[in-house]
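Visitor: Can you keep this structure in mind? I'll have questions shortly.
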Amino acid sequence: MLKEARTLLLLGMDGIGDVIMTTACLKPIRSAFPEVKIVYAVKNTAAAILDHNPCLDEVIPFDKPFFSGNEIYGKIN
C-alpha cells in the first residue's frame, strides 16, 4: 500500500524532545521509500530541528493546533 503512495505526511504534534526522538526514524523511512515525498509538519518551535534534514523533502511549521483549521491542509499537495 505505501509503495503506491506519493507523499508521506509525518505529524510532530508534541514538543521539541519528541520531534528529536523521531528523527532516528527518518533515515530508515527514506531508505525504504526513496521515491516518496516525505513531509514533516511540526510546531514552529521544532521546525528548525528538521531544517536541512536530507531525509525530508519538506518541513511545514505551524503555530496553531493542527486540527483547528485549514492552515496545514492548504499547504499539503
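We label chains A, B, ... in the order they appear in the C-alpha cells, count residues from 1 in each chain, and number ligands from 1 in the order shown.
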Which residues, written as a list in words, have at least one atom at most 9 Å from Ile20 in chain A, with only C-alpha atoms counted and residues fewer than 5 positions away on the same chain left out?

Guide: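 Using only C-alpha atoms, the neighbours found are Gly15, Ala46, Ile49 and Leu50 of chain A.
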
Visitor: Store the residues picked out above in a file with N, CA and C atoms, as a compact mmCIF listing (two decimals), in the first residue's frame.

Guide:
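Here's the written file selection.txt:
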# COMPACT_ATOMS: atom_id res chain seq x y z
N GLY A 15 6.24 18.21 21.73
CA GLY A 15 7.32 19.15 21.94
C GLY A 15 8.59 18.83 21.18
N ALA A 46 9.74 23.64 16.81
CA ALA A 46 10.57 22.47 16.48
C ALA A 46 11.03 22.44 15.03
N ILE A 49 14.82 22.27 13.99
CA ILE A 49 15.50 20.99 14.21
C ILE A 49 15.51 20.17 12.93
N LEU A 50 14.49 20.31 12.12
CA LEU A 50 14.34 19.49 10.92
C LEU A 50 14.83 20.16 9.65

Visitor: What does the distance between CA of Pro61 in chain A and CA of Pro28 in chain A come to in Å, to one decimal place?

Guide: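 These two atoms are separated by 22.8 Å.
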
Visitor: When you count only C-alpha atoms, which of these residues is closest to Leu9 in chain A: A:Ala47, A:Ile60, A:Val39, A:Pro54?

Guide: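 Once distances to Leu9 in chain A are computed over only C-alpha atoms, the minimum belongs to A:Val39.
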
Visitor: Of the candidates A:Ile16, A:Ala24, A:Val42, A:Ala48, which shows the shortest atom-to-atom distance to Asp63 in chain A, using only C-alpha atoms?

Guide: A:Val42

Visitor: Based on DSSP run over this structure's backbone, return all residues of range 23-72 of chain A in alpha helix (DSSP H), as a list in words.

Guide: Leu26, Lys27, Pro28, Ile29, Arg30, Ser31, Ala32, Asn44, Thr45, Ala46, Ala47, Ala48, Ile49 and Leu50 of chain A

Visitor: Looking at A:Leu56, A:Ala41, A:Val36, A:Leu26, which one is nearest to Ala5 in chain A, with distances taken over only C-alpha atoms?

Guide: A:Val36

Visitor: With only C-alpha atoms as the atoms that count, which of A:Cys55, A:Arg30, A:Gly12, A:Thr7 lies nearest to Lys43 in chain A?

Guide: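 Distance minimum relative to Lys43 in chain A lands on A:Gly12.
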
Visitor: In Å, with one decimal, what is the gap from CA of Asp14 in chain A to CA of Asn53 in chain A?

Guide: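 Distance between the two atoms: 18.9 Å.
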